[in-house]
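**Student:** Structure file my_file-v3.csv (CSV, C-alpha atoms (C1' of nucleotides)) right here:
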```csv
chain,number,residue,atom,x,y,z
A,1,MET,CA,18.8,-19.7,2.9
A,2,LYS,CA,15.2,-21.0,2.8
A,3,ILE,CA,12.6,-18.4,2.7
A,4,GLU,CA,10.8,-20.0,5.6
A,5,GLU,CA,13.7,-19.0,7.8
A,6,CYS,CA,13.7,-15.4,6.6
A,7,ILE,CA,12.4,-13.1,9.4
A,8,ASN,CA,11.0,-10.5,7.0
A,9,TYR,CA,9.1,-13.1,5.1
A,10,LEU,CA,7.6,-14.6,8.3
A,11,LEU,CA,6.8,-11.3,9.8
A,12,THR,CA,5.1,-10.1,6.6
A,13,GLN,CA,3.1,-13.3,6.2
A,14,ALA,CA,1.9,-13.1,9.8
A,15,GLN,CA,1.2,-9.4,9.6
A,16,ILE,CA,-0.9,-9.7,6.4
A,17,LYS,CA,-3.0,-12.5,7.9
A,18,VAL,CA,-3.6,-10.9,11.3
A,19,ASN,CA,-4.2,-7.5,9.8
A,20,LEU,CA,-6.9,-9.0,7.5
A,21,LEU,CA,-8.6,-10.5,10.5
A,22,PHE,CA,-8.6,-7.2,12.3
A,23,LYS,CA,-9.7,-5.3,9.2
A,24,LYS,CA,-12.6,-7.6,8.7
A,25,ASN,CA,-13.7,-7.3,12.3
A,26,LEU,CA,-13.2,-3.5,12.5
A,27,SER,CA,-15.1,-3.0,9.3
A,28,GLU,CA,-18.3,-3.5,11.3
A,29,CYS,CA,-17.9,0.0,12.6
A,30,GLY,CA,-16.4,1.5,9.4
A,31,ILE,CA,-12.8,1.9,10.5
A,32,THR,CA,-9.5,0.3,9.6
A,33,PRO,CA,-6.6,-1.0,11.8
A,34,ALA,CA,-4.5,2.0,11.0
A,35,GLN,CA,-7.3,4.4,11.8
A,36,TYR,CA,-7.9,2.6,15.0
A,37,ILE,CA,-4.3,3.5,16.1
A,38,LEU,CA,-4.9,7.2,15.7
A,39,LEU,CA,-8.3,7.0,17.4
A,40,TYR,CA,-6.7,5.1,20.3
A,41,HIS,CA,-4.1,7.9,20.9
A,42,LEU,CA,-6.8,10.6,20.6
A,43,TRP,CA,-8.9,8.8,23.2
A,44,GLY,CA,-5.9,9.1,25.5
A,45,GLU,CA,-5.3,12.8,24.7
A,46,ASP,CA,-7.5,14.8,22.4
A,47,GLY,CA,-6.1,17.6,20.2
A,48,LEU,CA,-2.7,16.0,19.4
A,49,SER,CA,-0.9,17.2,16.4
A,50,PRO,CA,-0.1,15.1,13.3
A,51,SER,CA,3.6,15.1,14.3
A,52,GLN,CA,2.7,13.9,17.8
A,53,LEU,CA,0.5,11.2,16.2
A,54,ALA,CA,3.4,10.2,13.9
A,55,ALA,CA,5.7,9.9,16.9
A,56,LEU,CA,3.3,7.9,19.0
A,57,SER,CA,2.4,5.5,16.2
A,58,ALA,CA,5.9,5.3,14.7
A,59,LEU,CA,4.5,6.1,11.3
A,60,ASP,CA,5.7,8.7,8.8
A,61,ALA,CA,4.1,12.1,8.9
A,62,SER,CA,2.9,11.8,5.4
A,63,THR,CA,1.1,8.5,6.3
A,64,ILE,CA,-0.7,10.4,9.1
A,65,THR,CA,-1.8,13.1,6.6
A,66,GLY,CA,-3.6,10.5,4.5
A,67,LEU,CA,-5.1,8.7,7.4
A,68,LEU,CA,-6.5,11.9,8.9
A,69,THR,CA,-7.9,13.0,5.5
A,70,ARG,CA,-9.9,9.8,5.2
A,71,MET,CA,-10.9,10.0,8.9
A,72,GLU,CA,-12.2,13.5,8.4
A,73,GLU,CA,-14.3,12.4,5.4
A,74,LYS,CA,-15.9,9.9,7.7
A,75,ALA,CA,-16.5,12.5,10.4
A,76,LEU,CA,-14.4,10.7,12.9
A,77,VAL,CA,-12.0,13.6,13.6
A,78,GLU,CA,-11.6,17.2,12.8
A,79,ARG,CA,-8.4,19.2,12.0
A,80,ARG,CA,-8.1,22.7,13.5
A,81,HIS,CA,-5.3,25.1,12.8
A,82,SER,CA,-3.2,25.8,15.9
A,83,GLN,CA,-3.7,29.2,17.4
A,84,ASP,CA,-0.2,29.9,18.7
A,85,ASP,CA,1.7,28.3,15.7
A,86,ARG,CA,-0.1,28.7,12.4
A,87,ARG,CA,2.0,25.9,10.9
A,88,GLY,CA,0.6,23.5,13.5
A,89,VAL,CA,-2.6,21.5,13.3
A,90,ASN,CA,-4.5,19.9,16.2
A,91,VAL,CA,-6.7,16.9,15.7
A,92,PHE,CA,-9.9,16.6,17.7
A,93,LEU,CA,-12.3,13.7,18.0
A,94,MET,CA,-15.7,14.3,16.6
A,95,GLU,CA,-18.8,12.8,18.2
A,96,ARG,CA,-18.7,9.6,16.1
A,97,GLY,CA,-15.0,9.0,16.8
A,98,ALA,CA,-15.4,9.6,20.6
A,99,LYS,CA,-18.5,7.4,21.0
A,100,MET,CA,-17.1,4.4,19.2
A,101,GLN,CA,-14.5,3.7,21.9
A,102,ARG,CA,-16.3,1.0,23.8
A,103,GLU,CA,-17.5,-0.8,20.7
A,104,ILE,CA,-14.0,-0.7,19.1
A,105,ASP,CA,-12.3,-1.8,22.3
A,106,GLY,CA,-14.6,-4.8,22.2
A,107,ILE,CA,-13.7,-5.7,18.7
A,108,ILE,CA,-10.0,-5.3,19.4
A,109,GLU,CA,-10.3,-7.6,22.4
A,110,ARG,CA,-12.2,-10.2,20.4
A,111,SER,CA,-9.8,-10.0,17.5
A,112,ASN,CA,-6.8,-10.4,19.7
A,113,ALA,CA,-8.3,-13.5,21.3
A,114,GLN,CA,-9.1,-14.9,17.8
A,115,ALA,CA,-5.6,-14.3,16.5
A,116,LEU,CA,-3.9,-15.8,19.6
A,117,GLU,CA,-6.3,-18.6,20.4
A,118,LEU,CA,-3.7,-21.3,19.7
A,119,PHE,CA,-1.2,-19.7,22.0
A,120,GLU,CA,-0.8,-20.3,25.7
A,121,GLU,CA,-0.6,-17.2,27.9
A,122,ASP,CA,3.2,-17.4,28.4
A,123,GLU,CA,3.7,-18.0,24.6
A,124,GLN,CA,1.7,-14.9,23.9
A,125,GLN,CA,3.9,-12.8,26.2
A,126,LEU,CA,7.1,-14.2,24.7
A,127,LEU,CA,5.9,-13.4,21.2
A,128,LYS,CA,4.8,-9.9,22.1
A,129,ASN,CA,8.1,-9.2,23.9
A,130,SER,CA,10.1,-10.4,20.9
A,131,LEU,CA,8.0,-8.3,18.5
A,132,LYS,CA,8.6,-5.2,20.7
A,133,ARG,CA,12.4,-5.9,20.7
A,134,ILE,CA,12.6,-6.4,17.0
A,135,ALA,CA,10.6,-3.2,16.3
A,136,LYS,CA,13.3,-1.2,18.0
A,137,ILE,CA,15.8,-1.7,15.2
B,1,MET,CA,-6.8,-2.8,26.2
B,2,LYS,CA,-3.4,-1.1,25.8
B,3,ILE,CA,-2.3,-0.9,22.3
B,4,GLU,CA,1.1,-2.2,23.3
B,5,GLU,CA,-0.6,-5.5,24.0
B,6,CYS,CA,-2.4,-5.6,20.6
B,7,ILE,CA,-0.9,-8.3,18.5
B,8,ASN,CA,-1.9,-6.6,15.2
B,9,TYR,CA,-0.2,-3.4,16.4
B,10,LEU,CA,3.0,-5.2,17.5
B,11,LEU,CA,3.2,-7.3,14.3
B,12,THR,CA,2.6,-4.2,12.1
B,13,GLN,CA,5.3,-2.2,13.9
B,14,ALA,CA,7.8,-5.0,13.7
B,15,GLN,CA,7.0,-5.7,10.1
B,16,ILE,CA,7.3,-2.1,8.9
B,17,LYS,CA,10.7,-1.7,10.6
B,18,VAL,CA,12.2,-5.0,9.4
B,19,ASN,CA,10.8,-4.6,5.9
B,20,LEU,CA,12.4,-1.2,5.7
B,21,LEU,CA,15.7,-2.7,6.6
B,22,PHE,CA,15.4,-5.4,3.9
B,23,LYS,CA,14.1,-2.9,1.4
B,24,LYS,CA,17.1,-0.7,1.9
B,25,ASN,CA,19.6,-3.5,1.6
B,26,LEU,CA,17.9,-5.1,-1.4
B,27,SER,CA,17.7,-1.7,-3.2
B,28,GLU,CA,21.5,-2.3,-3.9
B,29,CYS,CA,20.4,-4.7,-6.7
B,30,GLY,CA,17.2,-2.9,-7.6
B,31,ILE,CA,14.6,-5.2,-6.2
B,32,THR,CA,12.1,-5.1,-3.4
B,33,PRO,CA,11.3,-7.6,-0.6
B,34,ALA,CA,8.1,-8.7,-2.4
B,35,GLN,CA,9.8,-9.1,-5.7
B,36,TYR,CA,12.5,-11.2,-3.9
B,37,ILE,CA,9.8,-13.7,-2.9
B,38,LEU,CA,8.7,-14.3,-6.5
B,39,LEU,CA,12.3,-14.6,-7.7
B,40,TYR,CA,13.0,-17.1,-4.9
B,41,HIS,CA,10.2,-19.4,-6.0
B,42,LEU,CA,11.3,-19.1,-9.6
B,43,TRP,CA,14.8,-20.0,-8.7
B,44,GLY,CA,13.3,-23.2,-7.3
B,45,GLU,CA,11.2,-23.9,-10.4
B,46,ASP,CA,11.2,-21.8,-13.5
B,47,GLY,CA,8.0,-21.2,-15.5
B,48,LEU,CA,5.5,-21.2,-12.6
B,49,SER,CA,2.1,-19.6,-13.3
B,50,PRO,CA,0.8,-16.5,-11.5
B,51,SER,CA,-1.7,-18.6,-9.6
B,52,GLN,CA,1.1,-21.0,-8.5
B,53,LEU,CA,3.2,-18.0,-7.3
B,54,ALA,CA,0.1,-16.7,-5.5
B,55,ALA,CA,-0.3,-20.0,-3.7
B,56,LEU,CA,3.4,-20.4,-2.9
B,57,SER,CA,3.7,-16.8,-1.6
B,58,ALA,CA,0.2,-16.7,0.1
B,59,LEU,CA,-0.5,-13.4,-1.7
B,60,ASP,CA,-3.6,-12.5,-3.7
B,61,ALA,CA,-3.5,-13.2,-7.5
B,62,SER,CA,-4.0,-9.5,-8.2
B,63,THR,CA,-1.0,-8.7,-6.1
B,64,ILE,CA,1.1,-11.1,-8.2
B,65,THR,CA,-0.1,-9.4,-11.4
B,66,GLY,CA,1.3,-6.0,-10.3
B,67,LEU,CA,4.5,-7.5,-9.0
B,68,LEU,CA,5.1,-9.3,-12.3
B,69,THR,CA,4.4,-6.2,-14.4
B,70,ARG,CA,7.0,-4.2,-12.5
B,71,MET,CA,9.5,-7.1,-12.6
B,72,GLU,CA,9.0,-7.4,-16.4
B,73,GLU,CA,9.7,-3.7,-16.8
B,74,LYS,CA,13.0,-4.3,-15.0
B,75,ALA,CA,13.8,-7.3,-17.3
B,76,LEU,CA,13.9,-9.7,-14.3
B,77,VAL,CA,11.2,-12.1,-15.6
B,78,GLU,CA,9.2,-12.7,-18.7
B,79,ARG,CA,5.5,-13.7,-19.1
B,80,ARG,CA,4.7,-16.3,-21.8
B,81,HIS,CA,1.2,-17.5,-22.7
B,82,SER,CA,0.8,-21.2,-21.9
B,83,GLN,CA,0.6,-23.5,-24.9
B,84,ASP,CA,-2.0,-26.1,-23.6
B,85,ASP,CA,-4.2,-23.6,-21.8
B,86,ARG,CA,-4.5,-20.3,-23.4
B,87,ARG,CA,-5.9,-18.7,-20.2
B,88,GLY,CA,-2.6,-19.6,-18.4
B,89,VAL,CA,0.6,-17.7,-18.2
B,90,ASN,CA,4.1,-19.0,-17.4
B,91,VAL,CA,6.7,-16.8,-15.8
B,92,PHE,CA,10.3,-17.3,-16.8
B,93,LEU,CA,13.4,-15.9,-15.3
B,94,MET,CA,15.4,-13.6,-17.6
B,95,GLU,CA,19.1,-13.5,-17.5
B,96,ARG,CA,19.2,-10.6,-15.0
B,97,GLY,CA,16.8,-12.4,-12.7
B,98,ALA,CA,18.7,-15.6,-12.8
B,99,LYS,CA,22.1,-14.2,-12.3
B,100,MET,CA,21.3,-12.2,-9.3
B,101,GLN,CA,20.6,-15.2,-7.1
B,102,ARG,CA,23.9,-15.4,-5.2
B,103,GLU,CA,24.1,-11.6,-4.7
B,104,ILE,CA,20.5,-11.5,-3.4
B,105,ASP,CA,21.1,-14.5,-1.2
B,106,GLY,CA,24.0,-12.7,0.4
B,107,ILE,CA,21.9,-9.6,1.1
B,108,ILE,CA,19.1,-11.7,2.6
B,109,GLU,CA,21.6,-13.5,4.9
B,110,ARG,CA,23.1,-10.2,6.0
B,111,SER,CA,19.7,-8.6,6.5
B,112,ASN,CA,18.5,-11.5,8.6
B,113,ALA,CA,21.5,-11.3,10.8
B,114,GLN,CA,21.1,-7.5,11.2
B,115,ALA,CA,17.4,-7.8,12.1
B,116,LEU,CA,18.0,-10.6,14.6
B,117,GLU,CA,21.3,-9.5,16.0
B,118,LEU,CA,19.9,-9.0,19.5
B,119,PHE,CA,18.3,-12.5,19.6
B,120,GLU,CA,19.9,-15.7,20.8
B,121,GLU,CA,19.7,-18.6,18.5
B,122,ASP,CA,16.9,-20.3,20.5
B,123,GLU,CA,15.0,-17.1,20.8
B,124,GLN,CA,15.1,-16.7,17.0
B,125,GLN,CA,13.7,-20.2,16.6
B,126,LEU,CA,10.9,-19.5,19.1
B,127,LEU,CA,10.0,-16.3,17.3
B,128,LYS,CA,10.0,-17.9,13.9
B,129,ASN,CA,7.9,-20.8,15.0
B,130,SER,CA,5.4,-18.5,16.6
B,131,LEU,CA,5.1,-16.4,13.4
B,132,LYS,CA,4.6,-19.5,11.3
B,133,ARG,CA,1.8,-20.6,13.6
B,134,ILE,CA,0.0,-17.3,13.7
B,135,ALA,CA,0.2,-17.0,10.0
B,136,LYS,CA,-1.9,-20.1,9.6
B,137,ILE,CA,-5.0,-18.4,10.9
C,1,DT,C1',-23.7,-29.4,-29.4
C,2,DG,C1',-24.7,-25.5,-26.9
C,3,DA,C1',-25.7,-23.2,-22.7
C,4,DT,C1',-23.8,-22.8,-18.1
C,5,DA,C1',-20.3,-23.0,-14.9
C,6,DA,C1',-15.5,-22.9,-13.6
C,7,DT,C1',-10.9,-21.3,-14.1
C,8,DT,C1',-7.0,-18.0,-15.0
C,9,DA,C1',-5.4,-13.7,-15.1
C,10,DT,C1',-6.1,-8.8,-15.2
C,11,DT,C1',-8.3,-4.4,-14.2
C,12,DT,C1',-10.2,-1.1,-11.1
C,13,DG,C1',-10.9,0.9,-6.6
C,14,DT,C1',-9.4,1.7,-1.9
C,15,DA,C1',-6.1,1.9,1.8
C,16,DT,C1',-1.6,1.8,3.7
C,17,DG,C1',3.4,2.9,3.8
C,18,DC,C1',7.8,5.6,2.8
C,19,DA,C1',10.8,9.1,0.5
C,20,DA,C1',11.5,13.3,-1.5
C,21,DA,C1',9.9,17.6,-2.8
C,22,DG,C1',6.9,21.6,-1.9
C,23,DT,C1',4.5,25.2,1.1
C,24,DA,C1',3.7,28.0,4.8
C,25,DT,C1',5.1,29.8,9.0
C,26,DA,C1',8.3,30.5,12.8
C,27,DA,C1',12.9,31.0,14.7
C,28,DT,C1',17.7,32.3,14.4
C,29,DG,C1',21.6,35.0,13.4
C,30,DC,C1',24.1,38.7,11.3
D,1,DG,C1',15.3,44.2,10.1
D,2,DC,C1',16.2,40.8,6.8
D,3,DA,C1',18.2,36.7,4.9
D,4,DT,C1',18.9,32.0,6.2
D,5,DT,C1',17.4,27.9,8.7
D,6,DA,C1',14.3,25.2,10.9
D,7,DT,C1',9.8,23.3,11.7
D,8,DA,C1',5.0,21.4,10.6
D,9,DC,C1',2.4,19.7,7.5
D,10,DT,C1',1.0,18.3,2.8
D,11,DT,C1',1.7,16.7,-1.9
D,12,DT,C1',3.5,13.6,-5.2
D,13,DG,C1',5.4,9.4,-6.8
D,14,DC,C1',6.1,4.6,-6.1
D,15,DA,C1',5.2,-0.1,-4.2
D,16,DT,C1',2.4,-3.2,-1.8
D,17,DA,C1',-2.0,-5.5,-0.5
D,18,DC,C1',-6.9,-7.0,-0.9
D,19,DA,C1',-11.7,-7.2,-2.9
D,20,DA,C1',-14.7,-7.0,-6.5
D,21,DA,C1',-15.6,-6.8,-11.2
D,22,DT,C1',-14.0,-8.2,-16.1
D,23,DA,C1',-12.3,-10.8,-19.9
D,24,DA,C1',-10.8,-14.8,-22.0
D,25,DT,C1',-10.7,-19.5,-22.2
D,26,DT,C1',-11.8,-24.2,-20.9
D,27,DA,C1',-14.8,-27.6,-18.7
D,28,DT,C1',-19.2,-29.6,-17.7
D,29,DC,C1',-23.5,-31.5,-18.5
D,30,DA,C1',-28.0,-31.6,-20.2
```
Just dump the structure as structure tokens.
**Tutor:**
Amino acid sequence: MKIEECINYLLTQAQIKVNLLFKKNLSECGITPAQYILLYHLWGEDGLSPSQLAALSALDASTITGLLTRMEEKALVERRHSQDDRRGVNVFLMERGAKMQREIDGIIERSNAQALELFEEDEQQLLKNSLKRIAKI
Amino acid sequence: MKIEECINYLLTQAQIKVNLLFKKNLSECGITPAQYILLYHLWGEDGLSPSQLAALSALDASTITGLLTRMEEKALVERRHSQDDRRGVNVFLMERGAKMQREIDGIIERSNAQALELFEEDEQQLLKNSLKRIAKI
DNA sequence: TGATAATTATTTGTATGCAAAGTATAATGC
DNA sequence: GCATTATACTTTGCATACAAATAATTATCA
């Protein structure tokens, strides 16, 4: 079959391009798209564990470890050992990570509009719904 | 905005999942999805240069370098210095890389069907068209 | 022709991603 | 209680990706 009909090829091409756009826009405030995902979940509930973040973001736990390490180096978040279960870790927002929420939200809104500017509202919804379905494989 | 409405998030989630499926299926014959893309273009025209492969696959030239190095180690392709332009390189299929075409084509067909099994034919086309459009950013 | 610019590919550095192995701690079962 | 399991996280190894810097070669043009 032609590669232009291969769903993995098309998804990868689209993801690389869109992710580059988001990465460029988010670099204004020194974070990456993947780091945004963890910040987003922590804004909703501070003190989540790495495994909870892995579940919420559908990423592997070892991926979370790396992300958190780099985010700690940038003073966005802080890891604290859990009191009740010494295996556990809780991740807390630091001041920088908490304060950036509005700025980052703006960048995300803007980036979405930019990526989808050629799509009508109903086309956007169709695309998003299809992506949600295919991600449930 | 909710992260479930963020196009970069949705594209990334879908791409990771679908790519894992393709990666698992392609591992039968020892290649990866990214390596498949280069093989595909070489099946169409042997002896392409790294920059041509970069243009055809919409990947950065430095990404192609790494892919080719790993593909050479597996005796899939071979780099030869260009005769007319000593800066240039031409990439040629080796026997293993050439012979695998039919097997790999089968795996790609199967993987596509698997990834899209919950989609009607017209939904598949709509999704693919949307992905093509968004990748042109 | 000889310096400067452009082109081609690679190298280096950074950031994701997963899988598999390793570590520390807690839970279970005999 | 103590050995076995299970859980939570990290480490290591591999494969993509891009950006920026390098190296080698070719083209331009003054």
**Student:** Could you name the residues that touch region 15-20 of chain D at 12 Å or less, counting all atoms listed in the file, but leaving out those on the same chain fewer than 5 positions away, as a PyMOL selection string?
**Tutor:** (chain A and resi 12-13+15-17+19-20+23-24) or (chain B and resi 16+19+23+31-35+58-67+69-71) or (chain C and resi 11-19)
**Student:** Go ahead and compute the interatomic distance for CA of Ser130 (chain A) and CA of Ala55 (chain A), in Å to one decimal.
**Tutor:**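 These two atoms are separated by 21.2 Å.
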**Student:** Rounded to one decimal place, report the CA of Ser57 (chain A)-CA of Leu116 (chain B) distance in Å.
**Tutor:** 22.5 Å
**Student:** May I have chain A as a compact mmCIF listing (two decimals) with C-alpha atoms, keeping the file's coordinate frame, after a least-squares superposition on chain B that uses all C-alpha atoms paired in order?
**Tutor:**
```
# COMPACT_ATOMS: atom_id res chain seq x y z
CA MET A 1 -6.69 -2.79 26.36
CA LYS A 2 -3.35 -1.00 25.80
CA ILE A 3 -2.23 -0.84 22.30
CA GLU A 4 1.15 -2.22 23.26
CA GLU A 5 -0.55 -5.50 24.03
CA CYS A 6 -2.40 -5.62 20.72
CA ILE A 7 -0.88 -8.36 18.49
CA ASN A 8 -1.79 -6.61 15.23
CA TYR A 9 -0.19 -3.42 16.36
CA LEU A 10 3.04 -5.20 17.41
CA LEU A 11 3.19 -7.31 14.35
CA THR A 12 2.66 -4.29 12.08
CA GLN A 13 5.25 -2.19 13.89
CA ALA A 14 7.81 -4.98 13.64
CA GLN A 15 6.95 -5.76 10.05
CA ILE A 16 7.28 -2.11 8.90
CA LYS A 17 10.69 -1.77 10.58
CA VAL A 18 12.17 -5.06 9.36
CA ASN A 19 10.73 -4.64 5.90
CA LEU A 20 12.40 -1.18 5.64
CA LEU A 21 15.70 -2.71 6.57
CA PHE A 22 15.35 -5.36 3.93
CA LYS A 23 14.12 -2.87 1.33
CA LYS A 24 17.07 -0.66 1.92
CA ASN A 25 19.51 -3.52 1.64
CA LEU A 26 17.83 -5.11 -1.43
CA SER A 27 17.71 -1.79 -3.18
CA GLU A 28 21.41 -2.25 -3.97
CA CYS A 29 20.42 -4.67 -6.66
CA GLY A 30 17.19 -2.88 -7.71
CA ILE A 31 14.63 -5.25 -6.23
CA THR A 32 12.12 -5.12 -3.41
CA PRO A 33 11.26 -7.65 -0.63
CA ALA A 34 8.10 -8.67 -2.38
CA GLN A 35 9.88 -9.16 -5.67
CA TYR A 36 12.49 -11.17 -3.95
CA ILE A 37 9.76 -13.70 -2.91
CA LEU A 38 8.72 -14.34 -6.48
CA LEU A 39 12.34 -14.56 -7.66
CA TYR A 40 13.07 -17.05 -4.86
CA HIS A 41 10.23 -19.41 -6.01
CA LEU A 42 11.30 -19.07 -9.67
CA TRP A 43 14.85 -20.01 -8.72
CA GLY A 44 13.38 -23.19 -7.28
CA GLU A 45 11.19 -23.91 -10.34
CA ASP A 46 11.19 -21.76 -13.42
CA GLY A 47 8.03 -21.24 -15.52
CA LEU A 48 5.48 -21.23 -12.64
CA SER A 49 2.20 -19.63 -13.26
CA PRO A 50 0.88 -16.51 -11.47
CA SER A 51 -1.66 -18.70 -9.61
CA GLN A 52 1.12 -21.06 -8.50
CA LEU A 53 3.14 -18.00 -7.39
CA ALA A 54 0.09 -16.69 -5.47
CA ALA A 55 -0.28 -20.03 -3.73
CA LEU A 56 3.35 -20.37 -2.82
CA SER A 57 3.65 -16.82 -1.52
CA ALA A 58 0.20 -16.68 0.09
CA LEU A 59 -0.53 -13.46 -1.73
CA ASP A 60 -3.59 -12.54 -3.78
CA ALA A 61 -3.48 -13.17 -7.48
CA SER A 62 -4.01 -9.58 -8.25
CA THR A 63 -0.95 -8.65 -6.09
CA ILE A 64 1.12 -11.09 -8.21
CA THR A 65 -0.12 -9.38 -11.42
CA GLY A 66 1.31 -6.06 -10.27
CA LEU A 67 4.51 -7.48 -9.00
CA LEU A 68 5.18 -9.34 -12.25
CA THR A 69 4.35 -6.22 -14.33
CA ARG A 70 6.99 -4.21 -12.50
CA MET A 71 9.43 -7.16 -12.64
CA GLU A 72 8.99 -7.40 -16.38
CA GLU A 73 9.71 -3.67 -16.80
CA LYS A 74 12.97 -4.30 -15.05
CA ALA A 75 13.76 -7.30 -17.24
CA LEU A 76 13.87 -9.65 -14.34
CA VAL A 77 11.20 -12.06 -15.67
CA GLU A 78 9.21 -12.67 -18.73
CA ARG A 79 5.52 -13.76 -19.10
CA ARG A 80 4.71 -16.32 -21.82
CA HIS A 81 1.25 -17.48 -22.70
CA SER A 82 0.73 -21.17 -21.92
CA GLN A 83 0.60 -23.41 -24.92
CA ASP A 84 -1.88 -26.02 -23.72
CA ASP A 85 -4.23 -23.54 -21.84
CA ARG A 86 -4.44 -20.14 -23.48
CA ARG A 87 -5.83 -18.66 -20.25
CA GLY A 88 -2.63 -19.67 -18.46
CA VAL A 89 0.59 -17.70 -18.23
CA ASN A 90 4.05 -19.05 -17.32
CA VAL A 91 6.68 -16.86 -15.79
CA PHE A 92 10.31 -17.37 -16.75
CA LEU A 93 13.44 -15.84 -15.30
CA MET A 94 15.33 -13.60 -17.60
CA GLU A 95 19.12 -13.42 -17.51
CA ARG A 96 19.22 -10.57 -14.95
CA GLY A 97 16.77 -12.30 -12.61
CA ALA A 98 18.63 -15.69 -12.81
CA LYS A 99 22.12 -14.22 -12.27
CA MET A 100 21.24 -12.17 -9.24
CA GLN A 101 20.63 -15.23 -7.05
CA ARG A 102 23.94 -15.38 -5.28
CA GLU A 103 24.13 -11.65 -4.68
CA ILE A 104 20.52 -11.52 -3.35
CA ASP A 105 21.02 -14.57 -1.17
CA GLY A 106 23.91 -12.69 0.37
CA ILE A 107 21.89 -9.65 1.10
CA ILE A 108 19.07 -11.71 2.57
CA GLU A 109 21.53 -13.48 4.85
CA ARG A 110 23.09 -10.21 5.97
CA SER A 111 19.73 -8.59 6.52
CA ASN A 112 18.46 -11.45 8.57
CA ALA A 113 21.53 -11.31 10.79
CA GLN A 114 21.07 -7.50 11.17
CA ALA A 115 17.42 -7.80 12.10
CA LEU A 116 18.01 -10.63 14.63
CA GLU A 117 21.34 -9.57 16.06
CA LEU A 118 19.88 -9.00 19.54
CA PHE A 119 18.34 -12.43 19.62
CA GLU A 120 19.94 -15.62 20.83
CA GLU A 121 19.68 -18.63 18.51
CA ASP A 122 16.90 -20.35 20.53
CA GLU A 123 14.96 -17.00 20.77
CA GLN A 124 15.14 -16.68 17.03
CA GLN A 125 13.66 -20.16 16.53
CA LEU A 126 10.88 -19.53 19.05
CA LEU A 127 9.95 -16.30 17.31
CA LYS A 128 9.99 -17.83 13.86
CA ASN A 129 7.90 -20.81 15.03
CA SER A 130 5.32 -18.50 16.61
CA LEU A 131 5.16 -16.33 13.47
CA LYS A 132 4.57 -19.48 11.34
CA ARG A 133 1.74 -20.61 13.72
CA ILE A 134 0.05 -17.27 13.75
CA ALA A 135 0.19 -16.99 9.93
CA LYS A 136 -1.93 -20.09 9.67
CA ILE A 137 -5.07 -18.36 10.89
```
**Student:** Kindly indicate which residue among B:Asp84, B:Ala75, B:Val91, B:Glu28 lies nearest to chain D, using only C-alpha atoms (C1' of nucleotides) for the distances.
**Tutor:** B:Asp84
**Student:** What does the distance from CA of Arg79 (chain A) to CA of Phe92 (chain A) come to in Å, to one decimal?
**Tutor:** 6.4 Å
**Student:** Taking (13.9, -7.2, -17.3) in the file's own coordinates, collect the residues within 9 Å, counting all atoms listed in the file, and hand them back as a PyMOL selection string.
**Tutor:** chain B and resi 70-78+93-97
**Student:** Tell me the residues of chain D close to chain A, meaning within 9 Å using all atoms listed in the file, as a ChimeraX atom specification.
**Tutor:** /D:7-11,17-18
**Student:** For chain C, which of A:Glu120, A:Met100, A:Arg110, A:Ser82 is the closest residue, counting all atoms listed in the file?
**Tutor:** A:Ser82
**Student:** Of the residues C:DT8, C:DA20, C:DC30, C:DT25, which is the one nearest to chain B, using all atoms listed in the file?
**Tutor:** C:DT8
**Student:** Neighbours of DA6 (chain D) within 10 Å (all atoms listed in the file; same-chain residues fewer than 2 positions away dropped), as a list of chain:residue names?
**Tutor:**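 Non-adjacent residues within range: C:DA26, C:DA27, C:DT28, D:DT4.
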**Student:** Pick the closest to chain C from B:Gln52, B:Gln101, B:Gly30, B:Asp46: which is it, counting all atoms listed in the file?
**Tutor:**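 For chain C, the nearest of the given residues is B:Gln52.
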**Student:** Report, as AutoDock Vina command-line options, the centre and edge lengths in Å (one decimal) of the axis-aligned box enclosing every listed atom of region 63-67 of chain A, padded by 8 Å on each side.
**Tutor:**
```
--center_x -2.0 --center_y 10.8 --center_z 6.8 --size_x 22.2 --size_y 20.6 --size_z 20.6
```
**Student:** Skipping near chain neighbours, those fewer than 4 positions away, what residues fall within 12 Å of DA30 (chain D) using all atoms listed in the file, listed as a list in words?
**Tutor:**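 Here the answer would be DT1, DG2, DA3 and DT4 of chain C.
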**Student:** Can I get region 50-55 of chain B with N, CA and C atoms filled in, as an mmCIF file, keeping the file's coordinate frame?
**Tutor:**
```
data_model
loop_
_atom_site.group_PDB
_atom_site.id
_atom_site.type_symbol
_atom_site.label_atom_id
_atom_site.label_comp_id
_atom_site.auth_asym_id
_atom_site.auth_seq_id
_atom_site.Cartn_x
_atom_site.Cartn_y
_atom_site.Cartn_z
ATOM 1 N N PRO B 50 1.199 -17.484 -12.519
ATOM 2 C CA PRO B 50 0.800 -16.500 -11.500
ATOM 3 C C PRO B 50 0.019 -17.128 -10.355
ATOM 4 N N SER B 51 -0.873 -18.039 -10.664
ATOM 5 C CA SER B 51 -1.700 -18.600 -9.600
ATOM 6 C C SER B 51 -0.804 -19.525 -8.692
ATOM 7 N N GLN B 52 0.161 -20.204 -9.300
ATOM 8 C CA GLN B 52 1.100 -21.000 -8.500
ATOM 9 C C GLN B 52 1.928 -20.077 -7.587
ATOM 10 N N LEU B 53 2.383 -18.971 -8.153
ATOM 11 C CA LEU B 53 3.200 -18.000 -7.300
ATOM 12 C C LEU B 53 2.294 -17.438 -6.227
ATOM 13 N N ALA B 54 1.023 -17.213 -6.521
ATOM 14 C CA ALA B 54 0.100 -16.700 -5.500
ATOM 15 C C ALA B 54 -0.024 -17.696 -4.357
ATOM 16 N N ALA B 55 -0.176 -18.973 -4.720
ATOM 17 C CA ALA B 55 -0.300 -20.000 -3.700
ATOM 18 C C ALA B 55 0.949 -20.148 -2.874
#
```
